[in-house]
Amino acid sequence: MEEEVGKITHYYDKIGVAIVELHGNLKRGDRISIKGKNTNFEQQVQSMQIEHINVDEANKGDTIGLKVDQPVREGDMVYKVF
């Protein structure tokens, strides 16, 4: 089962970080799925930041930097996997 939790608005390929606008809550350790036109993979949330400060959880309405295992694209959707 999956729940939509955010949308990717930017991707920094040199550091492998996606900027995500959250529609739901996300915690370090959560399993997520990132899907888009050319994107489809799962990973565990290992590192995320708000305003360059490491956080263990982020809430609906936050914009976070999320370390991703594979390249992603603007417009890709982020889902929490249960």
# chains A, B, ... in the order shown; residues from 1 in each chain; ligands from 1
$ residues_around --residues "Ile53 in chain A" --least-positions-apart "4" --cutoff "10 Å" --atoms "only C-alpha atoms" --output "PDB file with N, CA and C atoms, in the first residue's frame"
ATOM      1  N   MET A  48      17.558  13.629   5.365  1.00  0.00           N
ATOM      2  CA  MET A  48      16.767  14.745   4.847  1.00  0.00           C
ATOM      3  C   MET A  48      17.079  15.993   5.649  1.00  0.00           C
ATOM      4  N   GLN A  49      16.915  17.137   4.986  1.00  0.00           N
ATOM      5  CA  GLN A  49      17.242  18.420   5.599  1.00  0.00           C
ATOM      6  C   GLN A  49      16.145  19.432   5.322  1.00  0.00           C
ATOM      7  N   ILE A  64      11.711  19.892   1.774  1.00  0.00           N
ATOM      8  CA  ILE A  64      12.904  19.216   2.291  1.00  0.00           C
ATOM      9  C   ILE A  64      13.893  18.911   1.169  1.00  0.00           C
ATOM     10  N   GLY A  65      15.139  18.738   1.582  1.00  0.00           N
ATOM     11  CA  GLY A  65      16.158  18.170   0.714  1.00  0.00           C
ATOM     12  C   GLY A  65      16.274  16.703   1.083  1.00  0.00           C
TER      13      GLY A  65
END
$ closest_atom_pairs --of "range 44-76 of chain A" --to "range 2-19 of chain A" --cutoff "9 Å" --atoms "only C-alpha atoms" --output "CSV"
residue,atom,partner,partner_atom,distance
A:Met48,CA,A:Val17,CA,8.9
A:Lys60,CA,A:Val5,CA,7.9
A:Thr63,CA,A:Ile19,CA,6.8
A:Ile64,CA,A:Ile19,CA,5.6
A:Gly65,CA,A:Ile19,CA,4.6
A:Leu66,CA,A:Ala18,CA,5.1
A:Lys67,CA,A:Val17,CA,4.5
A:Val68,CA,A:Gly16,CA,5.7
A:Asp69,CA,A:Gly16,CA,7.2
A:Gln70,CA,A:Gly16,CA,7.4
A:Pro71,CA,A:Asp13,CA,6.8
A:Val72,CA,A:Tyr11,CA,6.6
A:Arg73,CA,A:Tyr11,CA,6.4
A:Glu74,CA,A:Thr9,CA,4.9
A:Gly75,CA,A:Ile8,CA,5.4
A:Asp76,CA,A:Ile8,CA,5.4
$ write_last_selection --atoms "N, CA and C atoms" --output "PDB file, in the first residue's frame"
ATOM      1  N   MET A  48      17.558  13.629   5.365  1.00  0.00           N
ATOM      2  CA  MET A  48      16.767  14.745   4.847  1.00  0.00           C
ATOM      3  C   MET A  48      17.079  15.993   5.649  1.00  0.00           C
ATOM      4  N   LYS A  60       3.723  17.844   6.673  1.00  0.00           N
ATOM      5  CA  LYS A  60       2.972  18.382   5.542  1.00  0.00           C
ATOM      6  C   LYS A  60       3.224  19.880   5.452  1.00  0.00           C
ATOM      7  N   THR A  63       9.245  21.925   2.919  1.00  0.00           N
ATOM      8  CA  THR A  63      10.045  21.637   1.729  1.00  0.00           C
ATOM      9  C   THR A  63      11.366  21.088   2.223  1.00  0.00           C
ATOM     10  N   ILE A  64      11.711  19.892   1.774  1.00  0.00           N
ATOM     11  CA  ILE A  64      12.904  19.216   2.291  1.00  0.00           C
ATOM     12  C   ILE A  64      13.893  18.911   1.169  1.00  0.00           C
ATOM     13  N   GLY A  65      15.139  18.738   1.582  1.00  0.00           N
ATOM     14  CA  GLY A  65      16.158  18.170   0.714  1.00  0.00           C
ATOM     15  C   GLY A  65      16.274  16.703   1.083  1.00  0.00           C
ATOM     16  N   LEU A  66      16.108  15.820   0.120  1.00  0.00           N
ATOM     17  CA  LEU A  66      16.091  14.378   0.371  1.00  0.00           C
ATOM     18  C   LEU A  66      17.191  13.702  -0.429  1.00  0.00           C
ATOM     19  N   LYS A  67      18.076  12.985   0.254  1.00  0.00           N
ATOM     20  CA  LYS A  67      19.131  12.225  -0.431  1.00  0.00           C
ATOM     21  C   LYS A  67      18.477  11.041  -1.138  1.00  0.00           C
ATOM     22  N   VAL A  68      18.705  10.931  -2.454  1.00  0.00           N
ATOM     23  CA  VAL A  68      18.079   9.852  -3.232  1.00  0.00           C
ATOM     24  C   VAL A  68      19.143   8.926  -3.823  1.00  0.00           C
ATOM     25  N   ASP A  69      18.769   7.652  -3.984  1.00  0.00           N
ATOM     26  CA  ASP A  69      19.685   6.617  -4.464  1.00  0.00           C
ATOM     27  C   ASP A  69      19.884   6.651  -5.975  1.00  0.00           C
ATOM     28  N   GLN A  70      18.913   7.209  -6.701  1.00  0.00           N
ATOM     29  CA  GLN A  70      18.965   7.240  -8.162  1.00  0.00           C
ATOM     30  C   GLN A  70      18.532   8.619  -8.637  1.00  0.00           C
ATOM     31  N   PRO A  71      18.896   8.974  -9.876  1.00  0.00           N
ATOM     32  CA  PRO A  71      18.433  10.272 -10.408  1.00  0.00           C
ATOM     33  C   PRO A  71      16.911  10.342 -10.463  1.00  0.00           C
ATOM     34  N   VAL A  72      16.381  11.528 -10.188  1.00  0.00           N
ATOM     35  CA  VAL A  72      14.943  11.779 -10.259  1.00  0.00           C
ATOM     36  C   VAL A  72      14.717  13.021 -11.110  1.00  0.00           C
ATOM     37  N   ARG A  73      13.465  13.316 -11.396  1.00  0.00           N
ATOM     38  CA  ARG A  73      13.142  14.459 -12.240  1.00  0.00           C
ATOM     39  C   ARG A  73      12.075  15.322 -11.585  1.00  0.00           C
ATOM     40  N   GLU A  74      12.085  16.593 -11.958  1.00  0.00           N
ATOM     41  CA  GLU A  74      11.032  17.493 -11.480  1.00  0.00           C
ATOM     42  C   GLU A  74       9.682  16.910 -11.873  1.00  0.00           C
ATOM     43  N   GLY A  75       8.743  16.939 -10.956  1.00  0.00           N
ATOM     44  CA  GLY A  75       7.401  16.426 -11.230  1.00  0.00           C
ATOM     45  C   GLY A  75       7.212  14.985 -10.783  1.00  0.00           C
ATOM     46  N   ASP A  76       8.295  14.266 -10.496  1.00  0.00           N
ATOM     47  CA  ASP A  76       8.153  12.907  -9.963  1.00  0.00           C
ATOM     48  C   ASP A  76       7.434  12.983  -8.627  1.00  0.00           C
TER      49      ASP A  76
END
$ atom_distance --atom1 "CA of Ala58 in chain A" --atom2 "CA of Lys27 in chain A"
6.4 Å
$ atom_distance --atom1 "CA of Lys37 in chain A" --atom2 "CA of Glu21 in chain A"
18.4 Å
$ select_by_dssp --residues "chain A" --states "strand (DSSP E or B)" --output "VMD selection string"
chain A and resid 2 to 12 17 to 22 26 to 27 31 to 35 40 to 44 48 to 50 53 to 54 57 to 58 63 to 67 77 to 81
$ atom_distance --atom1 "CA of Met1 in chain A" --atom2 "CA of Ile50 in chain A"
27.0 Å
$ residues_around --residues "Arg28 in chain A" --least-positions-apart "2" --cutoff "12 Å" --atoms "only C-alpha atoms" --output "ChimeraX atom specification"
/A:25-26,30-32,43-49,54-59,66-67,80
$ residues_around --residues "Ile34 in chain A" --least-positions-apart "4" --cutoff "7 Å" --atoms "only C-alpha atoms" --output "VMD selection string"
chain A and resid 39 to 42 76 to 79
